[in-house]
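Have a look at upload37.txt; it's compact mmCIF, C-alpha atoms and all ligand atoms:
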# COMPACT_ATOMS: atom_id res chain seq x y z
CA MET A 1 -37.63 -32.60 -40.02
CA SER A 2 -38.87 -31.97 -43.54
CA PHE A 3 -38.17 -34.43 -46.34
CA GLU A 4 -36.21 -31.63 -48.07
CA ASN A 5 -33.92 -31.32 -45.07
CA LEU A 6 -33.42 -35.07 -44.89
CA ILE A 7 -32.58 -35.23 -48.59
CA GLY A 8 -30.15 -32.34 -48.14
CA PHE A 9 -28.54 -34.14 -45.21
CA ILE A 10 -28.15 -37.32 -47.31
CA ARG A 11 -26.56 -35.35 -50.17
CA GLU A 12 -24.13 -33.83 -47.67
CA GLN A 13 -23.07 -37.28 -46.45
CA PHE A 14 -22.42 -38.58 -49.95
CA GLN A 15 -21.16 -35.22 -51.27
CA THR A 16 -22.80 -35.46 -54.66
CA ASN A 17 -25.61 -33.93 -56.67
CA GLU A 18 -25.81 -37.08 -58.78
CA PHE A 19 -28.06 -40.10 -58.18
CA ILE A 20 -27.45 -41.70 -54.78
CA PRO A 21 -28.09 -45.46 -54.74
CA LEU A 22 -29.33 -47.38 -51.72
CA HIS A 23 -26.14 -49.41 -51.42
CA ALA A 24 -23.09 -49.46 -53.68
CA PRO A 25 -20.04 -51.68 -53.24
CA VAL A 26 -16.58 -50.22 -52.51
CA PHE A 27 -13.42 -51.70 -54.04
CA LYS A 28 -10.46 -49.92 -52.52
CA GLY A 29 -8.34 -52.81 -51.26
CA ASN A 30 -6.64 -55.81 -52.89
CA GLU A 31 -9.60 -56.68 -55.14
CA LYS A 32 -7.88 -56.08 -58.50
CA ARG A 33 -4.66 -57.76 -57.38
CA TYR A 34 -6.35 -60.94 -56.15
CA VAL A 35 -8.70 -61.21 -59.14
CA ALA A 36 -5.73 -60.71 -61.50
CA GLU A 37 -3.92 -63.52 -59.66
CA THR A 38 -6.73 -65.94 -60.48
CA ILE A 39 -6.61 -64.94 -64.14
CA ASP A 40 -2.81 -65.18 -64.34
CA SER A 41 -2.94 -68.63 -62.74
CA THR A 42 -5.88 -69.73 -64.99
CA PHE A 43 -7.68 -70.92 -61.83
CA VAL A 44 -10.84 -68.85 -62.20
CA SER A 45 -13.39 -71.62 -61.72
CA SER A 46 -14.61 -74.06 -59.07
CA VAL A 47 -11.24 -74.99 -57.60
CA GLY A 48 -8.47 -72.72 -56.39
CA PRO A 49 -6.57 -71.39 -53.41
CA PHE A 50 -8.83 -68.36 -52.87
CA VAL A 51 -11.85 -70.59 -52.19
CA ASP A 52 -10.04 -72.34 -49.33
CA ARG A 53 -8.64 -69.07 -48.05
CA PHE A 54 -12.05 -67.34 -48.20
CA GLU A 55 -13.66 -70.18 -46.25
CA ASN A 56 -10.91 -70.14 -43.62
CA ASP A 57 -10.93 -66.34 -43.32
CA MET A 58 -14.72 -66.34 -42.98
CA ALA A 59 -14.63 -69.09 -40.34
CA SER A 60 -12.14 -67.14 -38.27
CA TYR A 61 -13.94 -63.80 -38.70
CA THR A 62 -17.30 -65.23 -37.65
CA GLY A 63 -15.90 -67.72 -35.13
CA SER A 64 -17.77 -70.52 -36.92
CA PRO A 65 -16.11 -73.96 -36.67
CA ARG A 66 -16.60 -74.35 -40.42
CA ALA A 67 -17.54 -72.12 -43.36
CA VAL A 68 -18.47 -73.46 -46.80
CA ALA A 69 -18.64 -71.07 -49.76
CA THR A 70 -21.54 -71.21 -52.21
CA VAL A 71 -22.53 -69.59 -55.49
CA ASN A 72 -25.06 -67.30 -53.76
CA GLY A 73 -26.89 -66.79 -50.51
CA THR A 74 -30.04 -68.59 -51.64
CA ALA A 75 -27.98 -71.72 -52.38
CA ALA A 76 -26.42 -71.42 -48.91
CA LEU A 77 -29.91 -71.27 -47.38
CA HIS A 78 -31.13 -74.22 -49.44
CA ILE A 79 -28.26 -76.41 -48.25
CA ALA A 80 -28.61 -75.08 -44.70
CA LEU A 81 -32.21 -76.31 -44.64
CA LYS A 82 -31.21 -79.69 -46.04
CA LEU A 83 -28.55 -80.01 -43.34
CA ALA A 84 -31.24 -79.27 -40.75
CA GLY A 85 -33.26 -82.19 -42.13
CA VAL A 86 -35.97 -80.17 -43.88
CA ALA A 87 -37.68 -82.48 -46.37
CA GLU A 88 -40.79 -82.88 -48.50
CA GLY A 89 -44.04 -82.14 -46.68
CA HIS A 90 -42.42 -80.45 -43.70
CA LEU A 91 -43.39 -77.10 -42.21
CA VAL A 92 -40.74 -74.43 -41.64
CA LEU A 93 -41.41 -71.52 -39.30
CA THR A 94 -40.23 -68.17 -40.60
CA GLN A 95 -41.03 -64.47 -40.72
CA PRO A 96 -43.21 -62.84 -43.40
CA LEU A 97 -40.96 -59.76 -43.33
CA SER A 98 -38.06 -61.03 -45.41
CA PHE A 99 -36.64 -61.15 -48.89
CA ILE A 100 -38.19 -63.85 -51.12
CA ALA A 101 -34.99 -65.97 -50.96
CA THR A 102 -35.91 -67.29 -47.50
CA CYS A 103 -39.19 -68.76 -48.78
CA ASN A 104 -37.63 -69.87 -52.05
CA ALA A 105 -35.11 -72.00 -50.16
CA ILE A 106 -37.95 -73.56 -48.13
CA SER A 107 -39.86 -74.31 -51.32
CA TYR A 108 -36.78 -75.88 -52.97
CA CYS A 109 -36.94 -78.46 -50.15
CA HIS A 110 -40.63 -79.11 -51.02
CA ALA A 111 -41.51 -77.79 -47.57
CA THR A 112 -44.01 -75.04 -46.72
CA PRO A 113 -43.43 -71.88 -44.70
CA VAL A 114 -45.49 -70.98 -41.64
CA PHE A 115 -45.45 -67.25 -41.00
CA ILE A 116 -44.81 -65.96 -37.49
CA ASP A 117 -44.82 -62.29 -36.50
CA VAL A 118 -41.73 -60.14 -36.00
CA SER A 119 -40.61 -57.89 -33.17
CA LEU A 120 -41.27 -54.15 -33.53
CA VAL A 121 -37.88 -53.50 -31.94
CA ASN A 122 -35.41 -55.63 -33.96
CA LEU A 123 -37.63 -56.54 -36.96
CA GLY A 124 -36.72 -60.21 -36.49
CA LEU A 125 -38.82 -63.27 -35.68
CA CYS A 126 -40.50 -62.80 -32.30
CA PRO A 127 -39.95 -65.68 -29.81
CA VAL A 128 -43.18 -64.84 -27.95
CA ALA A 129 -45.22 -65.10 -31.14
CA LEU A 130 -43.36 -68.30 -32.02
CA GLU A 131 -44.16 -69.88 -28.66
CA ALA A 132 -47.79 -68.79 -28.92
CA TRP A 133 -48.25 -70.38 -32.35
CA LEU A 134 -46.55 -73.62 -31.34
CA THR A 135 -48.59 -73.89 -28.15
CA GLU A 136 -51.81 -73.59 -30.10
CA HIS A 137 -50.94 -75.54 -33.24
CA ALA A 138 -48.16 -78.02 -32.50
CA ARG A 139 -47.23 -80.94 -30.24
CA ILE A 140 -44.20 -83.09 -29.56
CA ASP A 141 -44.93 -86.75 -30.26
CA ASP A 142 -43.52 -89.79 -28.44
CA ASP A 143 -40.79 -90.07 -31.08
CA GLY A 144 -39.59 -86.61 -29.99
CA VAL A 145 -40.66 -85.01 -33.27
CA CYS A 146 -42.61 -81.75 -33.38
CA ARG A 147 -45.71 -81.98 -35.57
CA SER A 148 -48.62 -79.74 -36.44
CA LYS A 149 -51.87 -80.73 -34.69
CA ALA A 150 -54.07 -80.14 -37.73
CA GLU A 151 -52.20 -82.00 -40.46
CA ASN A 152 -49.58 -84.04 -38.61
CA LYS A 153 -46.85 -82.37 -40.58
CA ILE A 154 -43.30 -82.39 -39.25
CA ILE A 155 -42.10 -78.96 -38.14
CA SER A 156 -38.39 -79.40 -38.72
CA ALA A 157 -36.85 -75.94 -38.72
CA CYS A 158 -37.26 -72.32 -37.75
CA VAL A 159 -35.63 -69.62 -39.90
CA PRO A 160 -35.37 -66.15 -38.37
CA MET A 161 -33.77 -63.40 -40.45
CA HIS A 162 -31.50 -60.69 -39.07
CA THR A 163 -33.27 -57.85 -40.81
CA PHE A 164 -31.04 -55.12 -42.33
CA GLY A 165 -28.22 -56.47 -40.12
CA HIS A 166 -30.07 -56.12 -36.79
CA PRO A 167 -29.75 -59.33 -34.78
CA ALA A 168 -33.05 -60.97 -33.85
CA ASP A 169 -33.70 -62.07 -30.24
CA ILE A 170 -31.47 -65.11 -30.58
CA ASP A 171 -31.57 -66.24 -26.92
CA GLY A 172 -35.37 -66.25 -26.97
CA LEU A 173 -35.51 -68.12 -30.27
CA LEU A 174 -32.93 -70.71 -29.19
CA ASP A 175 -34.92 -71.38 -26.04
CA VAL A 176 -38.21 -71.95 -27.90
CA CYS A 177 -36.57 -74.08 -30.60
CA GLN A 178 -34.78 -76.27 -28.06
CA ARG A 179 -37.95 -76.91 -26.07
CA TRP A 180 -39.93 -77.73 -29.21
CA HIS A 181 -37.19 -79.90 -30.82
CA ILE A 182 -36.94 -77.63 -33.84
CA ALA A 183 -33.65 -76.85 -35.62
CA LEU A 184 -32.67 -73.18 -35.71
CA VAL A 185 -31.38 -72.06 -39.11
CA GLU A 186 -30.34 -68.42 -39.25
CA ASP A 187 -30.85 -66.39 -42.40
CA ALA A 188 -27.82 -64.17 -41.76
CA ALA A 189 -27.68 -63.05 -45.40
CA GLU A 190 -27.77 -59.39 -44.36
CA SER A 191 -25.84 -59.58 -41.11
CA LEU A 192 -22.18 -60.25 -41.83
CA GLY A 193 -20.35 -58.35 -39.10
CA SER A 194 -23.37 -58.24 -36.75
CA PHE A 195 -22.80 -59.74 -33.33
CA TYR A 196 -25.22 -60.73 -30.58
CA LYS A 197 -23.72 -60.94 -27.08
CA GLY A 198 -20.27 -60.92 -28.65
CA LYS A 199 -20.94 -63.91 -30.91
CA HIS A 200 -21.47 -63.58 -34.65
CA THR A 201 -24.99 -63.90 -36.07
CA GLY A 202 -25.39 -67.12 -38.03
CA THR A 203 -23.28 -69.09 -35.52
CA TYR A 204 -26.00 -69.59 -32.89
CA GLY A 205 -28.20 -71.93 -34.85
CA LEU A 206 -27.38 -75.37 -36.20
CA VAL A 207 -26.58 -73.65 -39.51
CA GLY A 208 -26.38 -70.06 -40.74
CA ALA A 209 -26.35 -68.62 -44.27
CA ILE A 210 -24.67 -65.42 -45.48
CA SER A 211 -24.95 -63.62 -48.84
CA PHE A 212 -22.30 -61.72 -50.79
CA ASN A 213 -24.61 -60.35 -53.46
CA GLY A 214 -23.61 -57.00 -54.94
CA ASN A 215 -25.89 -54.99 -52.63
CA LYS A 216 -24.78 -56.65 -49.38
CA ILE A 217 -22.20 -55.25 -46.93
CA MET A 218 -19.41 -56.95 -48.86
CA THR A 219 -19.61 -58.68 -52.21
CA THR A 220 -18.07 -61.44 -54.30
CA GLY A 221 -20.19 -60.42 -57.31
CA GLY A 222 -22.50 -63.24 -56.35
CA GLY A 223 -21.82 -65.62 -53.52
CA GLY A 224 -22.79 -67.05 -50.18
CA MET A 225 -21.46 -68.91 -47.17
CA ILE A 226 -22.77 -71.70 -44.96
CA LEU A 227 -21.71 -71.43 -41.30
CA THR A 228 -21.93 -74.61 -39.27
CA ASN A 229 -20.09 -77.26 -37.25
CA GLN A 230 -17.38 -79.58 -38.60
CA ALA A 231 -19.62 -82.57 -39.27
CA LEU A 232 -22.36 -80.63 -41.09
CA GLY A 233 -19.69 -78.53 -42.83
CA GLN A 234 -18.28 -81.73 -44.31
CA LYS A 235 -21.76 -82.66 -45.52
CA ALA A 236 -22.32 -79.15 -46.91
CA LYS A 237 -19.08 -79.33 -48.89
CA HIS A 238 -20.14 -82.70 -50.31
CA LEU A 239 -23.65 -81.54 -51.29
CA THR A 240 -22.44 -78.28 -52.87
CA THR A 241 -19.73 -80.02 -54.93
CA THR A 242 -22.03 -82.43 -56.82
CA ALA A 243 -21.73 -85.10 -54.08
CA LYS A 244 -18.56 -86.40 -55.69
CA VAL A 245 -16.75 -89.07 -53.74
CA PRO A 246 -13.17 -87.82 -53.28
CA HIS A 247 -10.82 -89.61 -55.67
CA PRO A 248 -7.81 -88.41 -57.70
CA TYR A 249 -9.42 -89.24 -61.08
CA GLU A 250 -12.58 -91.35 -60.79
CA TYR A 251 -15.99 -89.68 -61.02
CA VAL A 252 -18.34 -91.33 -58.57
CA HIS A 253 -21.27 -89.53 -56.92
CA ASP A 254 -23.18 -91.04 -54.03
CA GLU A 255 -26.37 -88.91 -53.94
CA VAL A 256 -28.09 -86.07 -55.79
CA GLY A 257 -25.73 -83.17 -55.30
CA TYR A 258 -25.65 -79.56 -56.40
CA ASN A 259 -23.18 -77.46 -58.33
CA TYR A 260 -23.31 -74.67 -55.76
CA ARG A 261 -19.54 -73.97 -55.61
CA LEU A 262 -18.24 -70.44 -55.46
CA PRO A 263 -15.72 -69.87 -58.30
CA ASN A 264 -12.15 -68.97 -57.32
CA ILE A 265 -12.41 -65.61 -59.13
CA ASN A 266 -15.35 -64.64 -56.90
CA ALA A 267 -13.59 -65.94 -53.79
CA ALA A 268 -10.59 -63.73 -54.66
CA LEU A 269 -12.87 -60.70 -54.60
CA GLY A 270 -14.29 -61.97 -51.31
CA CYS A 271 -10.87 -62.30 -49.65
CA ALA A 272 -10.05 -58.69 -50.54
CA GLN A 273 -13.46 -57.45 -49.35
CA LEU A 274 -13.29 -59.35 -46.07
CA GLU A 275 -9.94 -57.66 -45.29
CA GLN A 276 -11.90 -54.37 -45.20
CA ILE A 277 -15.07 -55.46 -43.42
CA GLU A 278 -14.33 -53.71 -40.12
CA THR A 279 -13.49 -50.48 -41.99
CA PHE A 280 -16.81 -50.71 -43.83
CA ILE A 281 -18.68 -51.33 -40.59
CA ALA A 282 -16.97 -48.47 -38.76
CA ALA A 283 -17.99 -46.11 -41.58
CA LYS A 284 -21.54 -47.44 -41.69
CA ARG A 285 -21.91 -47.14 -37.94
CA GLN A 286 -20.75 -43.55 -38.11
CA LEU A 287 -23.27 -42.84 -40.89
CA ALA A 288 -25.98 -44.50 -38.77
CA ASP A 289 -25.04 -42.29 -35.80
CA ARG A 290 -25.43 -39.22 -37.99
CA TYR A 291 -28.84 -40.37 -39.26
CA ASP A 292 -29.89 -41.03 -35.69
CA ALA A 293 -28.75 -37.59 -34.54
CA VAL A 294 -30.34 -35.66 -37.39
CA LEU A 295 -33.64 -37.57 -37.07
CA SER A 296 -33.94 -37.33 -33.30
CA GLY A 297 -37.13 -35.54 -32.34
CA SER A 298 -38.61 -35.95 -35.85
CA ASN A 299 -41.61 -38.00 -37.05
CA LEU A 300 -39.24 -40.59 -38.47
CA ARG A 301 -38.01 -43.17 -35.97
CA PHE A 302 -34.52 -44.38 -36.82
CA VAL A 303 -34.05 -48.14 -36.31
CA LYS A 304 -31.21 -48.61 -33.83
CA GLU A 305 -29.26 -51.65 -32.72
CA GLY A 306 -30.76 -53.54 -29.80
CA GLU A 307 -29.37 -54.36 -26.38
CA HIS A 308 -26.39 -56.76 -26.44
CA CYS A 309 -26.06 -56.22 -30.18
CA ARG A 310 -23.47 -54.82 -32.49
CA ALA A 311 -25.31 -54.28 -35.79
CA ASN A 312 -23.46 -53.90 -39.09
CA TYR A 313 -26.05 -51.25 -40.14
CA TRP A 314 -26.13 -52.80 -43.61
CA LEU A 315 -29.29 -50.87 -44.54
CA ASN A 316 -30.40 -47.87 -42.51
CA ALA A 317 -34.13 -47.77 -41.90
CA VAL A 318 -36.67 -45.34 -40.55
CA ILE A 319 -40.21 -46.01 -39.40
CA CYS A 320 -42.69 -43.44 -40.65
CA GLU A 321 -45.84 -42.40 -38.78
CA ASN A 322 -48.14 -44.07 -41.29
CA ARG A 323 -48.36 -45.42 -44.82
CA GLN A 324 -49.14 -42.01 -46.33
CA GLU A 325 -45.99 -40.53 -44.84
CA ARG A 326 -44.02 -43.54 -46.07
CA ASP A 327 -45.33 -43.11 -49.61
CA ALA A 328 -44.64 -39.37 -49.58
CA LEU A 329 -41.04 -39.91 -48.44
CA LEU A 330 -40.47 -42.60 -51.08
CA LYS A 331 -41.91 -40.38 -53.82
CA THR A 332 -40.08 -37.19 -52.87
CA SER A 333 -36.67 -38.79 -52.40
CA ASN A 334 -36.74 -41.02 -55.47
CA GLU A 335 -37.94 -38.12 -57.64
CA GLN A 336 -34.92 -36.17 -56.48
CA GLY A 337 -32.42 -38.91 -57.28
CA VAL A 338 -31.97 -40.13 -53.72
CA MET A 339 -32.86 -43.79 -53.72
CA THR A 340 -35.07 -45.02 -50.89
CA ARG A 341 -37.09 -48.21 -50.70
CA PRO A 342 -40.05 -49.70 -48.84
CA VAL A 343 -39.58 -53.09 -47.23
CA TRP A 344 -40.46 -56.20 -49.23
CA GLU A 345 -44.14 -57.07 -49.71
CA LEU A 346 -44.90 -59.48 -46.86
CA MET A 347 -44.43 -63.08 -47.97
CA SER A 348 -47.81 -63.92 -46.44
CA ASN A 349 -49.43 -61.44 -48.88
CA LEU A 350 -47.93 -62.97 -52.03
CA PRO A 351 -50.34 -65.20 -53.98
CA LEU A 352 -47.64 -67.90 -53.85
CA TYR A 353 -47.79 -68.09 -50.06
CA GLN A 354 -51.24 -66.70 -49.21
CA HIS A 355 -52.56 -70.16 -48.38
CA CYS A 356 -49.83 -70.88 -45.81
CA LEU A 357 -50.42 -71.24 -42.10
CA HIS A 358 -49.62 -68.16 -40.05
CA GLY A 359 -50.00 -66.58 -36.65
CA GLN A 360 -51.06 -63.01 -35.90
CA LEU A 361 -49.01 -60.81 -38.22
CA GLU A 362 -49.90 -57.38 -36.85
CA ASN A 363 -46.35 -56.18 -36.25
CA ALA A 364 -45.12 -57.28 -39.66
CA GLN A 365 -47.99 -55.50 -41.40
CA TRP A 366 -47.54 -52.39 -39.22
CA LEU A 367 -43.84 -52.27 -40.13
CA ALA A 368 -44.42 -53.00 -43.82
CA ASP A 369 -46.69 -49.95 -43.92
CA ARG A 370 -44.03 -47.70 -42.39
CA ILE A 371 -40.44 -48.81 -43.11
CA VAL A 372 -38.26 -46.84 -45.51
CA ASN A 373 -34.63 -47.75 -46.18
CA LEU A 374 -32.24 -44.82 -46.63
CA PRO A 375 -28.99 -44.69 -48.64
CA SER A 376 -26.45 -46.75 -46.71
CA SER A 377 -23.25 -47.09 -48.78
CA VAL A 378 -19.88 -46.44 -47.19
CA PRO A 379 -19.52 -42.71 -47.96
CA GLU A 380 -16.65 -41.69 -50.26
CA SER A 381 -15.09 -39.62 -47.48
CA PHE A 382 -14.37 -42.84 -45.58
CA HIS A 383 -12.76 -44.67 -48.49
CA GLU A 384 -9.24 -43.43 -47.93
CA GLN A 385 -9.31 -43.82 -44.15
C1 LIG A 401 -29.77 -61.25 -49.98
C2 LIG A 401 -30.61 -62.15 -49.21
C3 LIG A 401 -30.62 -63.57 -49.41
C4 LIG A 401 -29.93 -64.33 -50.48
O1 LIG A 401 -29.10 -63.78 -51.25
P1 LIG A 401 -28.58 -64.09 -52.73
O2 LIG A 401 -27.10 -64.10 -52.50
O3 LIG A 401 -29.02 -62.91 -53.51
O4 LIG A 401 -29.09 -65.38 -53.19
C5 LIG A 401 -31.38 -64.34 -48.55
N1 LIG A 401 -32.11 -63.82 -47.58
C6 LIG A 401 -32.14 -62.49 -47.36
C7 LIG A 401 -32.96 -61.97 -46.24
C8 LIG A 401 -31.40 -61.61 -48.16
O5 LIG A 401 -31.47 -60.30 -47.93
Could you write out this structure as structure tokens?
Ligand SMILES: *Cc1c(COP(=O)(O)O)cnc(C)c1O
Amino acid sequence: MSFENLIGFIREQFQTNEFIPLHAPVFKGNEKRYVAETIDSTFVSSVGPFVDRFENDMASYTGSPRAVATVNGTAALHIALKLAGVAEGHLVLTQPLSFIATCNAISYCHATPVFIDVSLVNLGLCPVALEAWLTEHARIDDDGVCRSKAENKIISACVPMHTFGHPADIDGLLDVCQRWHIALVEDAAESLGSFYKGKHTGTYGLVGAISFNGNKIMTTGGGGMILTNQALGQKAKHLTTTAKVPHPYEYVHDEVGYNYRLPNINAALGCAQLEQIETFIAAKRQLADRYDAVLSGSNLRFVKEGEHCRANYWLNAVICENRQERDALLKTSNEQGVMTRPVWELMSNLPLYQHCLHGQLENAQWLADRIVNLPSSVPESFHEQ
């Protein structure tokens, strides 16, 4: 299909001749009512009933034993890594095909990423590549700790990312991580509402992190959530609330903590958005079906959900034949007011992380040369449904 036809198809879906963004939020539920409640009550800040409710609602939606709200997804990832024991000098295995936040959180722990290739099918960390790198470069010592052969550095965690809402091969990753004594921390920032074998992404690993930034599938303005078990959830709450020892009026703190709390006013927005998540996903899945149908038989391969997966289709993606075709699609669509985007520059190519250890990264580079994200908002026609 020609780019012109694709652009026409996109305009039809969003029924506008104006600029079409990649992803815009939708506020058609109780958002105004709940936010107004926080203002009327004066409880707009760190403490308030919507924070507790948002955490409970998110725990029950995802099936996580515990959910702890944070000020953004990066903060959730940072604490998730700390809960997994990531500390200064450690190595953390992750994928080069991700948003910078994954590596930022690793760096905040004074640890260093090791880049492992992704799967061409689900765009997530590849368990075969992970196993291959570990076999060549790591060992498990007598103390049961996994270390790198070259520098004797502790390899404490592995952070796959569920790219654009497509679950990675979680069973494969869990298996490798268990055998190598490495904690699995899921960057589920993009995958709220994505399930793997009927279980929510972010609840397979020791800890998972979700983001509610304005461009994600639902938003709190800015916000995030840590998904984990009861014991680590307790620790997460402590660390994100300045490590204050609970007391009615005394201020005592027992370690270096963080002010990573999600304000009540943001949580109010989150509660209203979460009430609509399945409506959003139904609409996005229908849009994805239409993209898939219209692109079938064309040069552009539409990225579809994998076996045993229910993807949230946060961002629709196509894989172009080559980099030239990718660049032409990006240029044509953006010039015509239809926003499309390439995938992030690979982390392993950034000067910041160029020196880091890595395995073969052929798939990641191949994908980076070809991926284009297409407009993925919930179309207006679904809003009233
Ligand atoms: C959005 C995102 C984050 C973090 O989100 P913020 O809420 O913006 O801090 C982390 N990882 C990935 C892959 C993301 O897409």
Using all atoms listed in the file, pick whichever of A:Ala84, A:Ala150, A:Ala101, A:Ile79 has the shortest atom-to-atom distance to ligand LIG 401 (chain A).
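That would be A:Ala101, the residue with the smallest distance to ligand LIG 401 (chain A).
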Rank nothing, just name the residue among A:Ser298, A:Gly8, A:Val71, A:Gly48 nearest to Asn259 of chain A, using only C-alpha atoms.
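Among the listed residues, the smallest separation from Asn259 of chain A belongs to A:Val71.
The spacing separating atom CA of Lys32 of chain A from atom CA of Leu269 of chain A amounts to 7.8 Å.
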Report as number ranges by chain all protein, DNA and RNA residues lying within 8 Å of Gly208 of chain A, evaluated on only C-alpha atoms, omitting residues in the same chain fewer than 3 positions from it.
A: 77, 80, 185-188, 201-205, 226-228
Of the candidates A:Leu262, A:Ala69, A:Ala364, A:Met339, which shows the shortest atom-to-atom distance to Ile10 of chain A, using all atoms listed in the file?
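Closest residue, counting all atoms listed in the file: A:Met339.
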Using only C-alpha atoms and all ligand atoms, find each residue with an atom at most 10 Å away from ligand LIG 401 (chain A) and format the answer as a VMD selection string.
chain A and resid 70 to 78 97 to 105 160 to 165 186 to 191 209 to 216 219 to 225 344
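Of the residues under consideration (A:Gln336, A:Thr240, A:Gln230, A:Ser2), A:Thr240 shows the shortest atom-to-atom contact distance to Gly257 of chain A when counting only C-alpha atoms.
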Which residue of A:Leu173, A:Ala111, A:Ala231, A:Ala59 approaches Leu81 of chain A most closely, using only C-alpha atoms:
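Distance minimum relative to Leu81 of chain A lands on A:Ala111.
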At a cut-off of 10 Å around the point (-35.4, -35.6, -45.0) (file coordinates), what residues fall inside when counting all atoms listed in the file? I'd like the answer as a PyMOL selection string.
chain A and resi 1-10+291+294-295+298+300+329+332-333+374
List the neighbours of segment 23-28 of chain A out to 12 Å using only C-alpha atoms; skip same-chain residues closer than 2 positions along the sequence, and give me the result as a ChimeraX atom specification.
/A:14,19-21,30-35,164,212-221,269-277,279-280,283-284,313-316,338-341,373-385
Just want the 12 Å neighbourhood of Ile155 of chain A, counted on only C-alpha atoms, with same-chain residues fewer than 2 positions away dropped. Output as a ChimeraX atom specification.
/A:84-94,111-114,134,137-141,144-149,151-153,157-159,177,180-184
Dig up all the protein and nucleic acid residues within 9 Å of (-23.0, -54.3, -34.9) in the file frame, using all atoms listed in the file, and format them as a PDB file with C-alpha atoms, keeping the file's coordinate frame.
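File part06.pdb, as written:
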ATOM      1  CA  GLY A 165     -28.220 -56.470 -40.120  1.00  0.00           C
ATOM      2  CA  HIS A 166     -30.070 -56.120 -36.790  1.00  0.00           C
ATOM      3  CA  PRO A 167     -29.750 -59.330 -34.780  1.00  0.00           C
ATOM      4  CA  SER A 191     -25.840 -59.580 -41.110  1.00  0.00           C
ATOM      5  CA  GLY A 193     -20.350 -58.350 -39.100  1.00  0.00           C
ATOM      6  CA  SER A 194     -23.370 -58.240 -36.750  1.00  0.00           C
ATOM      7  CA  PHE A 195     -22.800 -59.740 -33.330  1.00  0.00           C
ATOM      8  CA  TYR A 196     -25.220 -60.730 -30.580  1.00  0.00           C
ATOM      9  CA  ILE A 281     -18.680 -51.330 -40.590  1.00  0.00           C
ATOM     10  CA  ARG A 285     -21.910 -47.140 -37.940  1.00  0.00           C
ATOM     11  CA  GLU A 305     -29.260 -51.650 -32.720  1.00  0.00           C
ATOM     12  CA  CYS A 309     -26.060 -56.220 -30.180  1.00  0.00           C
ATOM     13  CA  ARG A 310     -23.470 -54.820 -32.490  1.00  0.00           C
ATOM     14  CA  ALA A 311     -25.310 -54.280 -35.790  1.00  0.00           C
ATOM     15  CA  ASN A 312     -23.460 -53.900 -39.090  1.00  0.00           C
ATOM     16  CA  TYR A 313     -26.050 -51.250 -40.140  1.00  0.00           C
TER      17      TYR A 313
END
Selected residue, from A:Asn299, A:Gly172, A:Pro96, A:Ile319, that lies nearest to Leu350 of chain A when counting all atoms listed in the file:
A:Pro96
What is the atom CA of Asp254 of chain A to atom CA of Gln234 of chain A distance in Å?
14.3 Å
Can you tell me how far atom CA of Glu37 of chain A sits from atom CA of Asp57 of chain A, in Å to one decimal?
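These atoms are spaced 18.0 Å apart.
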Just the residues within 9 Å of Met58 of chain A, please, counting only C-alpha atoms, with nothing from its chain fewer than 3 positions along; format it as an NGL selection string.
:A and (53-55 or 61-64 or 66-68 or 225 or 227 or 271 or 274)
C-alpha atoms of the current selection, written as a PDB file, in the coordinates of the input:
ATOM      1  CA  ARG A  53      -8.640 -69.070 -48.050  1.00  0.00           C
ATOM      2  CA  PHE A  54     -12.050 -67.340 -48.200  1.00  0.00           C
ATOM      3  CA  GLU A  55     -13.660 -70.180 -46.250  1.00  0.00           C
ATOM      4  CA  TYR A  61     -13.940 -63.800 -38.700  1.00  0.00           C
ATOM      5  CA  THR A  62     -17.300 -65.230 -37.650  1.00  0.00           C
ATOM      6  CA  GLY A  63     -15.900 -67.720 -35.130  1.00  0.00           C
ATOM      7  CA  SER A  64     -17.770 -70.520 -36.920  1.00  0.00           C
ATOM      8  CA  ARG A  66     -16.600 -74.350 -40.420  1.00  0.00           C
ATOM      9  CA  ALA A  67     -17.540 -72.120 -43.360  1.00  0.00           C
ATOM     10  CA  VAL A  68     -18.470 -73.460 -46.800  1.00  0.00           C
ATOM     11  CA  MET A 225     -21.460 -68.910 -47.170  1.00  0.00           C
ATOM     12  CA  LEU A 227     -21.710 -71.430 -41.300  1.00  0.00           C
ATOM     13  CA  CYS A 271     -10.870 -62.300 -49.650  1.00  0.00           C
ATOM     14  CA  LEU A 274     -13.290 -59.350 -46.070  1.00  0.00           C
TER      15      LEU A 274
END
